[in-house]
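Novice: My structure is in start37.txt, and what it holds is compact mmCIF, N, CA and C atoms:
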```txt
# COMPACT_ATOMS: atom_id res chain seq x y z
N MET A 1 90.27 82.15 129.60
CA MET A 1 89.20 83.13 129.72
C MET A 1 89.77 84.55 129.75
N ARG A 2 90.89 84.74 130.46
CA ARG A 2 91.49 86.06 130.52
C ARG A 2 91.99 86.49 129.15
N PHE A 3 92.54 85.54 128.40
CA PHE A 3 93.05 85.84 127.06
C PHE A 3 91.91 86.29 126.15
N ALA A 4 90.77 85.63 126.23
CA ALA A 4 89.61 86.00 125.40
C ALA A 4 89.14 87.41 125.74
N LYS A 5 89.09 87.74 127.05
CA LYS A 5 88.69 89.09 127.45
C LYS A 5 89.69 90.13 126.94
N PHE A 6 90.98 89.77 127.02
CA PHE A 6 92.01 90.67 126.53
C PHE A 6 91.85 90.91 125.03
N CYS A 7 91.60 89.84 124.25
CA CYS A 7 91.41 89.98 122.80
C CYS A 7 90.21 90.85 122.47
N ILE A 8 89.12 90.65 123.19
CA ILE A 8 87.92 91.47 122.96
C ILE A 8 88.22 92.93 123.27
N LEU A 9 88.95 93.18 124.36
CA LEU A 9 89.31 94.55 124.73
C LEU A 9 90.18 95.20 123.65
N VAL A 10 91.14 94.44 123.11
CA VAL A 10 92.01 94.97 122.05
C VAL A 10 91.20 95.30 120.80
N VAL A 11 90.29 94.41 120.42
CA VAL A 11 89.46 94.64 119.22
C VAL A 11 88.58 95.87 119.41
N LEU A 12 87.95 96.00 120.56
CA LEU A 12 87.08 97.14 120.82
C LEU A 12 87.87 98.45 120.86
N THR A 13 89.05 98.42 121.46
CA THR A 13 89.90 99.62 121.50
C THR A 13 90.33 100.02 120.10
N SER A 14 90.70 99.05 119.27
CA SER A 14 91.11 99.35 117.89
C SER A 14 89.95 99.92 117.09
N ALA A 15 88.77 99.36 117.27
CA ALA A 15 87.60 99.86 116.54
C ALA A 15 87.26 101.28 116.97
N LEU A 16 87.37 101.55 118.26
CA LEU A 16 87.10 102.90 118.76
C LEU A 16 88.11 103.90 118.21
N ALA A 17 89.38 103.51 118.19
CA ALA A 17 90.42 104.40 117.65
C ALA A 17 90.19 104.66 116.18
N ALA A 18 89.86 103.64 115.41
CA ALA A 18 89.62 103.80 113.97
C ALA A 18 88.40 104.68 113.73
N SER A 19 87.35 104.50 114.52
CA SER A 19 86.15 105.32 114.30
C SER A 19 86.42 106.78 114.65
N SER A 20 87.26 107.04 115.66
CA SER A 20 87.56 108.43 115.98
C SER A 20 88.46 109.06 114.93
N LEU A 21 89.36 108.26 114.30
CA LEU A 21 90.22 108.79 113.25
C LEU A 21 89.40 109.18 112.03
N TYR A 22 88.42 108.38 111.68
CA TYR A 22 87.63 108.64 110.49
C TYR A 22 86.22 109.13 110.83
N SER A 23 86.08 109.82 111.95
CA SER A 23 84.78 110.38 112.30
C SER A 23 84.48 111.53 111.34
N GLY A 24 83.25 112.01 111.40
CA GLY A 24 82.84 113.06 110.48
C GLY A 24 83.41 114.42 110.80
N GLU A 25 84.11 114.56 111.92
CA GLU A 25 84.66 115.85 112.29
C GLU A 25 85.81 116.24 111.39
N LYS A 26 85.87 117.51 111.09
CA LYS A 26 86.97 118.02 110.28
C LYS A 26 88.23 118.09 111.13
N ALA A 27 89.35 117.77 110.53
CA ALA A 27 90.64 117.84 111.22
C ALA A 27 91.46 118.97 110.61
N VAL A 28 92.29 119.59 111.43
CA VAL A 28 93.18 120.64 110.95
C VAL A 28 94.50 119.99 110.56
N TRP A 29 94.91 120.22 109.33
CA TRP A 29 96.16 119.70 108.78
C TRP A 29 97.14 120.86 108.68
N LYS A 30 98.34 120.67 109.23
CA LYS A 30 99.35 121.73 109.26
C LYS A 30 100.42 121.46 108.22
N PRO A 31 101.01 122.52 107.67
CA PRO A 31 102.05 122.32 106.64
C PRO A 31 103.30 121.65 107.22
N VAL A 32 103.94 120.83 106.41
CA VAL A 32 105.22 120.23 106.77
C VAL A 32 106.29 121.22 106.33
N GLN A 33 106.97 121.79 107.31
CA GLN A 33 108.01 122.78 107.01
C GLN A 33 109.23 122.09 106.40
N PHE A 34 109.84 122.71 105.43
CA PHE A 34 111.09 122.28 104.80
C PHE A 34 110.95 120.99 103.99
N ALA A 35 109.74 120.61 103.61
CA ALA A 35 109.55 119.45 102.74
C ALA A 35 109.86 119.86 101.30
N ILE A 36 110.13 118.87 100.47
CA ILE A 36 110.43 119.11 99.05
C ILE A 36 109.56 118.16 98.22
N VAL A 37 108.99 118.67 97.15
CA VAL A 37 108.19 117.85 96.23
C VAL A 37 108.77 117.97 94.83
N ARG A 38 108.88 116.83 94.16
CA ARG A 38 109.31 116.79 92.76
C ARG A 38 108.31 115.93 92.01
N PHE A 39 107.90 116.41 90.84
CA PHE A 39 106.98 115.68 89.97
C PHE A 39 107.70 115.43 88.67
N ASN A 40 108.00 114.17 88.38
CA ASN A 40 108.80 113.81 87.20
C ASN A 40 110.12 114.57 87.18
N ASP A 41 110.79 114.62 88.31
CA ASP A 41 112.10 115.23 88.47
C ASP A 41 112.11 116.75 88.29
N ASP A 42 110.95 117.39 88.28
CA ASP A 42 110.85 118.85 88.22
C ASP A 42 110.06 119.34 89.43
N ALA A 43 110.36 120.55 89.86
CA ALA A 43 109.60 121.15 90.95
C ALA A 43 108.29 121.69 90.40
N PRO A 44 107.15 121.25 90.95
CA PRO A 44 105.87 121.80 90.48
C PRO A 44 105.75 123.27 90.87
N ALA A 45 105.02 124.03 90.08
CA ALA A 45 104.86 125.46 90.33
C ALA A 45 104.04 125.72 91.59
N SER A 46 103.11 124.82 91.92
CA SER A 46 102.23 125.03 93.07
C SER A 46 102.04 123.71 93.81
N TRP A 47 102.47 123.69 95.09
CA TRP A 47 102.33 122.46 95.88
C TRP A 47 102.41 122.79 97.37
N ASN A 48 102.00 121.84 98.19
CA ASN A 48 102.18 121.91 99.63
C ASN A 48 101.93 120.52 100.21
N ILE A 49 102.52 120.25 101.37
CA ILE A 49 102.31 119.00 102.08
C ILE A 49 101.83 119.35 103.48
N TYR A 50 100.76 118.66 103.92
CA TYR A 50 100.19 118.88 105.24
C TYR A 50 100.23 117.56 106.01
N HIS A 51 100.32 117.68 107.33
CA HIS A 51 100.26 116.49 108.19
C HIS A 51 99.15 116.66 109.21
N GLY A 52 98.57 115.52 109.57
CA GLY A 52 97.57 115.50 110.63
C GLY A 52 98.20 114.96 111.90
N GLU A 53 97.40 114.32 112.72
CA GLU A 53 97.91 113.77 113.97
C GLU A 53 98.63 112.44 113.77
N LYS A 54 98.25 111.69 112.77
CA LYS A 54 98.84 110.37 112.54
C LYS A 54 100.09 110.49 111.68
N ARG A 55 101.22 110.01 112.18
CA ARG A 55 102.49 110.07 111.45
C ARG A 55 102.44 109.19 110.21
N GLY A 56 103.03 109.68 109.13
CA GLY A 56 103.09 108.91 107.90
C GLY A 56 101.87 109.04 107.02
N VAL A 57 100.89 109.84 107.44
CA VAL A 57 99.71 110.11 106.63
C VAL A 57 99.76 111.58 106.27
N LEU A 58 99.87 111.86 104.97
CA LEU A 58 100.07 113.22 104.49
C LEU A 58 98.97 113.62 103.53
N LEU A 59 98.63 114.89 103.55
CA LEU A 59 97.72 115.47 102.58
C LEU A 59 98.58 116.31 101.65
N VAL A 60 98.66 115.92 100.39
CA VAL A 60 99.54 116.57 99.43
C VAL A 60 98.69 117.36 98.44
N ARG A 61 99.02 118.65 98.30
CA ARG A 61 98.38 119.48 97.27
C ARG A 61 99.39 119.64 96.14
N LEU A 62 98.98 119.23 94.97
CA LEU A 62 99.80 119.34 93.77
C LEU A 62 98.96 120.08 92.74
N TRP A 63 99.30 121.34 92.46
CA TRP A 63 98.49 122.25 91.67
C TRP A 63 97.12 122.36 92.33
N LYS A 64 96.03 121.99 91.67
CA LYS A 64 94.69 122.08 92.27
C LYS A 64 94.20 120.72 92.77
N ARG A 65 95.06 119.74 92.74
CA ARG A 65 94.70 118.37 93.13
C ARG A 65 95.17 118.09 94.55
N TYR A 66 94.34 117.40 95.33
CA TYR A 66 94.72 116.97 96.67
C TYR A 66 94.75 115.45 96.71
N MET A 67 95.75 114.91 97.41
CA MET A 67 95.89 113.46 97.56
C MET A 67 96.23 113.14 99.01
N LEU A 68 95.64 112.08 99.52
CA LEU A 68 96.00 111.56 100.83
C LEU A 68 97.02 110.46 100.61
N VAL A 69 98.23 110.62 101.15
CA VAL A 69 99.31 109.66 100.97
C VAL A 69 99.56 108.96 102.30
N ASP A 70 99.34 107.65 102.31
CA ASP A 70 99.62 106.83 103.49
C ASP A 70 100.93 106.10 103.21
N VAL A 71 102.02 106.62 103.78
CA VAL A 71 103.36 106.10 103.49
C VAL A 71 103.50 104.66 103.98
N LYS A 72 103.02 104.38 105.18
CA LYS A 72 103.16 103.05 105.76
C LYS A 72 102.43 101.99 104.92
N GLU A 73 101.21 102.29 104.51
CA GLU A 73 100.41 101.34 103.72
C GLU A 73 100.72 101.43 102.22
N GLN A 74 101.50 102.41 101.83
CA GLN A 74 101.86 102.66 100.43
C GLN A 74 100.60 102.78 99.56
N GLU A 75 99.72 103.69 100.01
CA GLU A 75 98.47 103.95 99.29
C GLU A 75 98.29 105.45 99.10
N VAL A 76 97.65 105.80 97.98
CA VAL A 76 97.35 107.20 97.66
C VAL A 76 95.88 107.28 97.29
N TYR A 77 95.18 108.25 97.86
CA TYR A 77 93.76 108.45 97.60
C TYR A 77 93.53 109.84 97.02
N GLU A 78 92.69 109.93 96.03
CA GLU A 78 92.28 111.21 95.46
C GLU A 78 91.32 111.87 96.44
N VAL A 79 91.53 113.14 96.74
CA VAL A 79 90.69 113.89 97.68
C VAL A 79 89.96 114.97 96.90
N ASP A 80 88.67 115.09 97.16
CA ASP A 80 87.85 116.12 96.50
C ASP A 80 88.32 117.49 96.99
N PRO A 81 88.86 118.34 96.09
CA PRO A 81 89.37 119.64 96.52
C PRO A 81 88.28 120.56 97.09
N GLU A 82 87.02 120.30 96.76
CA GLU A 82 85.93 121.12 97.30
C GLU A 82 85.74 120.89 98.80
N LYS A 83 86.22 119.75 99.31
CA LYS A 83 86.05 119.42 100.72
C LYS A 83 87.23 119.87 101.58
N VAL A 84 88.28 120.39 100.95
CA VAL A 84 89.46 120.89 101.68
C VAL A 84 89.30 122.41 101.80
N LYS A 85 89.27 122.88 103.03
CA LYS A 85 89.06 124.30 103.29
C LYS A 85 90.32 124.94 103.86
N PRO A 86 90.93 125.89 103.12
CA PRO A 86 92.11 126.60 103.65
C PRO A 86 91.76 127.44 104.88
N GLN A 87 92.67 127.45 105.85
CA GLN A 87 92.54 128.28 107.06
C GLN A 87 93.90 128.89 107.33
N GLY A 88 94.21 129.98 106.68
CA GLY A 88 95.54 130.56 106.79
C GLY A 88 96.54 129.64 106.10
N GLU A 89 97.58 129.23 106.84
CA GLU A 89 98.55 128.30 106.24
C GLU A 89 98.13 126.84 106.45
N ASN A 90 97.12 126.58 107.27
CA ASN A 90 96.60 125.24 107.50
C ASN A 90 95.43 124.97 106.56
N VAL A 91 95.00 123.71 106.53
CA VAL A 91 93.78 123.36 105.82
C VAL A 91 92.92 122.51 106.74
N GLU A 92 91.61 122.52 106.49
CA GLU A 92 90.68 121.71 107.26
C GLU A 92 90.07 120.68 106.32
N TRP A 93 90.13 119.41 106.72
CA TRP A 93 89.60 118.32 105.91
C TRP A 93 89.30 117.14 106.81
N SER A 94 88.22 116.45 106.54
CA SER A 94 87.82 115.30 107.36
C SER A 94 88.32 114.01 106.73
N PRO A 95 89.07 113.19 107.49
CA PRO A 95 89.52 111.89 106.96
C PRO A 95 88.37 110.95 106.62
N SER A 96 87.16 111.24 107.10
CA SER A 96 86.02 110.39 106.73
C SER A 96 85.64 110.57 105.27
N ASP A 97 86.15 111.63 104.63
CA ASP A 97 85.86 111.88 103.21
C ASP A 97 86.80 111.13 102.27
N VAL A 98 87.64 110.25 102.80
CA VAL A 98 88.57 109.52 101.94
C VAL A 98 87.78 108.51 101.09
N PRO A 99 88.12 108.38 99.81
CA PRO A 99 87.41 107.42 98.95
C PRO A 99 87.66 105.97 99.37
N ASP A 100 86.82 105.06 98.88
CA ASP A 100 86.95 103.64 99.21
C ASP A 100 88.18 103.01 98.57
N GLN A 101 88.50 103.41 97.36
CA GLN A 101 89.59 102.78 96.61
C GLN A 101 90.75 103.74 96.41
N PRO A 102 91.99 103.26 96.62
CA PRO A 102 93.16 104.12 96.36
C PRO A 102 93.43 104.24 94.86
N ILE A 103 94.22 105.24 94.52
CA ILE A 103 94.70 105.41 93.15
C ILE A 103 95.71 104.30 92.88
N GLU A 104 95.77 103.82 91.66
CA GLU A 104 96.76 102.81 91.31
C GLU A 104 98.15 103.45 91.32
N THR A 105 99.05 102.86 92.10
CA THR A 105 100.43 103.33 92.19
C THR A 105 101.36 102.12 92.10
N SER A 106 102.61 102.38 91.77
CA SER A 106 103.61 101.31 91.70
C SER A 106 104.98 101.88 92.02
N GLU A 107 105.95 101.01 92.09
CA GLU A 107 107.36 101.37 92.26
C GLU A 107 107.62 102.25 93.49
N TRP A 108 107.03 101.88 94.63
CA TRP A 108 107.25 102.62 95.87
C TRP A 108 108.68 102.42 96.34
N LYS A 109 109.34 103.50 96.71
CA LYS A 109 110.67 103.45 97.31
C LYS A 109 110.69 104.43 98.46
N ILE A 110 110.99 103.94 99.65
CA ILE A 110 111.08 104.78 100.84
C ILE A 110 112.50 104.62 101.37
N ARG A 111 113.24 105.72 101.39
CA ARG A 111 114.65 105.66 101.78
C ARG A 111 114.99 106.74 102.78
N ASP A 112 115.91 106.40 103.65
CA ASP A 112 116.48 107.34 104.60
C ASP A 112 117.71 107.94 103.92
N VAL A 113 117.67 109.22 103.60
CA VAL A 113 118.81 109.86 102.93
C VAL A 113 119.33 111.01 103.80
N GLY A 114 119.81 110.65 104.97
CA GLY A 114 120.38 111.64 105.88
C GLY A 114 119.32 112.44 106.59
N PRO A 115 119.28 113.76 106.38
CA PRO A 115 118.33 114.59 107.13
C PRO A 115 116.90 114.53 106.59
N VAL A 116 116.64 113.72 105.58
CA VAL A 116 115.28 113.59 105.03
C VAL A 116 114.94 112.12 104.79
N GLU A 117 113.63 111.87 104.79
CA GLU A 117 113.11 110.58 104.35
C GLU A 117 112.53 110.81 102.96
N ARG A 118 112.96 110.01 102.00
CA ARG A 118 112.52 110.18 100.62
C ARG A 118 111.49 109.12 100.28
N VAL A 119 110.33 109.58 99.82
CA VAL A 119 109.24 108.70 99.41
C VAL A 119 109.01 108.97 97.93
N ARG A 120 109.11 107.91 97.13
CA ARG A 120 108.94 108.06 95.68
C ARG A 120 108.05 106.94 95.18
N PHE A 121 107.07 107.30 94.33
CA PHE A 121 106.20 106.30 93.73
C PHE A 121 105.73 106.79 92.38
N ARG A 122 105.21 105.85 91.61
CA ARG A 122 104.71 106.13 90.26
C ARG A 122 103.20 105.99 90.26
N PHE A 123 102.53 106.91 89.56
CA PHE A 123 101.08 106.79 89.36
C PHE A 123 100.84 105.75 88.28
N GLY A 124 100.12 104.69 88.58
CA GLY A 124 99.88 103.62 87.61
C GLY A 124 101.15 102.84 87.34
N LYS A 125 101.18 102.14 86.23
CA LYS A 125 102.35 101.34 85.88
C LYS A 125 103.35 102.12 85.03
N ASN A 126 102.88 103.06 84.22
CA ASN A 126 103.76 103.83 83.33
C ASN A 126 103.57 105.33 83.47
N GLY A 127 102.95 105.76 84.56
CA GLY A 127 102.64 107.18 84.73
C GLY A 127 103.78 108.00 85.29
N SER A 128 103.43 109.15 85.80
CA SER A 128 104.39 110.10 86.35
C SER A 128 104.86 109.68 87.73
N PHE A 129 106.05 110.16 88.11
CA PHE A 129 106.61 109.92 89.43
C PHE A 129 106.30 111.09 90.34
N LEU A 130 106.06 110.80 91.61
CA LEU A 130 105.97 111.83 92.64
C LEU A 130 107.05 111.51 93.67
N ASP A 131 107.87 112.48 93.96
CA ASP A 131 108.98 112.33 94.89
C ASP A 131 108.77 113.33 96.02
N ILE A 132 108.66 112.82 97.26
CA ILE A 132 108.44 113.66 98.43
C ILE A 132 109.62 113.47 99.37
N GLN A 133 110.19 114.58 99.83
CA GLN A 133 111.29 114.52 100.79
C GLN A 133 110.83 115.20 102.07
N LEU A 134 110.81 114.42 103.17
CA LEU A 134 110.30 114.88 104.44
C LEU A 134 111.45 115.07 105.43
N PRO A 135 111.51 116.21 106.12
CA PRO A 135 112.61 116.45 107.06
C PRO A 135 112.55 115.50 108.26
N MET A 136 113.75 115.09 108.72
CA MET A 136 113.87 114.19 109.87
C MET A 136 114.70 114.87 110.96
N LEU A 137 114.41 114.53 112.21
CA LEU A 137 115.19 115.01 113.34
C LEU A 137 116.44 114.14 113.48
N PRO A 138 117.45 114.58 114.22
CA PRO A 138 118.66 113.76 114.40
C PRO A 138 118.39 112.37 115.01
N ASN A 139 117.28 112.22 115.76
CA ASN A 139 116.94 110.91 116.35
C ASN A 139 116.13 110.03 115.39
N ARG A 140 116.04 110.44 114.11
CA ARG A 140 115.38 109.72 113.02
C ARG A 140 113.86 109.73 113.09
N LYS A 141 113.29 110.61 113.89
CA LYS A 141 111.84 110.77 113.93
C LYS A 141 111.46 111.90 112.98
N PRO A 142 110.24 111.86 112.42
CA PRO A 142 109.82 112.96 111.53
C PRO A 142 109.85 114.30 112.23
N ALA A 143 110.23 115.33 111.51
CA ALA A 143 110.31 116.69 112.06
C ALA A 143 108.97 117.41 111.97
N TYR A 144 107.91 116.72 111.71
CA TYR A 144 106.59 117.35 111.64
C TYR A 144 105.68 116.76 112.68
```
Turn this file's structure into structure tokens for me.

Specialist:
Amino acid sequence: MRFAKFCILVVLTSALAASSLYSGEKAVWKPVQFAIVRFNDDAPASWNIYHGEKRGVLLVRLWKRYMLVDVKEQEVYEVDPEKVKPQGENVEWSPSDVPDQPIETSEWKIRDVGPVERVRFRFGKNGSFLDIQLPMLPNRKPAY
């Protein structure tokens, strides 16, 4: 009986946490300092990476396109740029605006390369590569 109550408590807590993460409220996303972005092995002319409260979930601006990158789940979602509002160096965007289906991606590689974590994936099966390098602290935790 205690185990059943514990399981119900865990499920309710998880549901509450998920609903607060994807509530309709706008969240402030801050830039990741010292990150590097490469698109097909070239530096894009216009880009930025933002982080929210959840580690490993990034909002990437590449030219006029925004994408939500979930490193842990290895998923990328197209974000409507009209719903992302700049606020100085930060942006405001609600995670509840994430689409139902992720963009097709393949060839995910996540590597620890010293002071950075390198995340590389391909759009589709034969598309372009996106390479993101995120700064790490000496204790191997993200620096953002």

Novice: Restricting the calculation to only N, CA and C atoms: of A:Asn139, A:Phe39, A:Gln74, A:Ser46, which residue gets closest to Arg61 of chain A?

Specialist: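 Checking each candidate against Arg61 of chain A, we get A:Ser46 as the closest.
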
Novice: Report as a ChimeraX atom specification: the residues of chain A with a DSSP assignment of helix (DSSP H, G or I), based on the backbone of this structure.

Specialist: /A:2-21,81-83,95-97

Novice: Go through A:Ile110, A:Val91, A:Val57, A:Val32 and flag the residue nearest Glu75 of chain A, using only C-alpha atoms for the distances.

Specialist: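 The shortest atom-to-atom distance to Glu75 of chain A comes from A:Val57.
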
Novice: Considering only C-alpha atoms, return as a PyMOL selection string whatever protein or nucleic-acid residues lie within 12 Å of Glu82 of chain A, sequence-local ones (same chain, fewer than 4 positions apart) excluded.

Specialist: chain A and resi 64-66+78+86+91-94+97

Novice: Counting only N, CA and C atoms, find the residues whose atoms lie at most 6.5 Å from (97.8, 101.2, 91.6) (file coordinates) and write them out as an MDAnalysis selection string.

Specialist: chainID A and resid 102:106 123:125

Novice: Show me the residues around (107.9, 115.6, 95.8) - criterion: an atom at most 7 Å away, only C-alpha atoms counted - as a PyMOL selection string.

Specialist: chain A and resi 36-39+130-133

Novice: From a backbone DSSP assignment, name each residue in chain A labelled strand (DSSP E or B), as a ChimeraX atom specification.

Specialist: /A:27-31,36-39,42,47-51,57-62,65-70,75-79,85-87,90-93,103,105-113,116-123,129-136,142

Novice: Please report the interatomic distance between atom C of Lys30 of chain A and atom C of Ile49 of chain A in Å with one decimal.

Specialist: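 Answer for the atom C of Lys30 of chain A to atom C of Ile49 of chain A separation: 5.4 Å.
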
Novice: So which residues touch Pro138 of chain A within 8 Å, counting all atoms listed in the file, skipping near sequence neighbours fewer than 3 positions away, as a list of chain:residue names?

Specialist: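 Skipping anything fewer than 3 positions along the chain leaves A:Gly114, A:Pro115, A:Pro135, A:Lys141, A:Pro142, A:Ala143.
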
Novice: Can I get the selected residues back with N, CA and C atoms, as a PDB file, keeping the file's coordinate frame?

Specialist:
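Writing done, so here's selection.pdb:
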```pdb
ATOM      1  N   GLY A 114     119.810 110.650 104.970  1.00  0.00           N
ATOM      2  CA  GLY A 114     120.380 111.640 105.880  1.00  0.00           C
ATOM      3  C   GLY A 114     119.320 112.440 106.590  1.00  0.00           C
ATOM      4  N   PRO A 115     119.280 113.760 106.380  1.00  0.00           N
ATOM      5  CA  PRO A 115     118.330 114.590 107.130  1.00  0.00           C
ATOM      6  C   PRO A 115     116.900 114.530 106.590  1.00  0.00           C
ATOM      7  N   PRO A 135     111.510 116.210 106.120  1.00  0.00           N
ATOM      8  CA  PRO A 135     112.610 116.450 107.060  1.00  0.00           C
ATOM      9  C   PRO A 135     112.550 115.500 108.260  1.00  0.00           C
ATOM     10  N   LYS A 141     113.290 110.610 113.890  1.00  0.00           N
ATOM     11  CA  LYS A 141     111.840 110.770 113.930  1.00  0.00           C
ATOM     12  C   LYS A 141     111.460 111.900 112.980  1.00  0.00           C
ATOM     13  N   PRO A 142     110.240 111.860 112.420  1.00  0.00           N
ATOM     14  CA  PRO A 142     109.820 112.960 111.530  1.00  0.00           C
ATOM     15  C   PRO A 142     109.850 114.300 112.230  1.00  0.00           C
ATOM     16  N   ALA A 143     110.230 115.330 111.510  1.00  0.00           N
ATOM     17  CA  ALA A 143     110.310 116.690 112.060  1.00  0.00           C
ATOM     18  C   ALA A 143     108.970 117.410 111.970  1.00  0.00           C
TER      19      ALA A 143
END
```

Novice: Select, from A:Met67, A:Arg55, A:Glu25, A:Pro31, the residue with the minimum atom-to-atom distance to Gly88 of chain A, counting only C-alpha atoms.

Specialist: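 Checking each candidate against Gly88 of chain A, we get A:Pro31 as the closest.
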
Novice: Quick one: pull the distance between atom CA of His51 of chain A and atom CA of Phe121 of chain A, Å, one decimal.

Specialist: 18.7 Å

Novice: Can you pull out every residue within 6 Å of Leu58 of chain A, counting only C-alpha atoms, but drop anything in the same chain fewer than 6 positions away, and send it as a list in words?

Specialist: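 The neighbour list is Tyr50, His51, Leu68 and Val69 of chain A.
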
Novice: At what distance in Å, to one decimal, does atom CA of Trp108 of chain A lie from atom CA of Glu89 of chain A?

Specialist: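 Separation of atom CA of Glu89 of chain A and atom CA of Trp108 of chain A: 29.0 Å.
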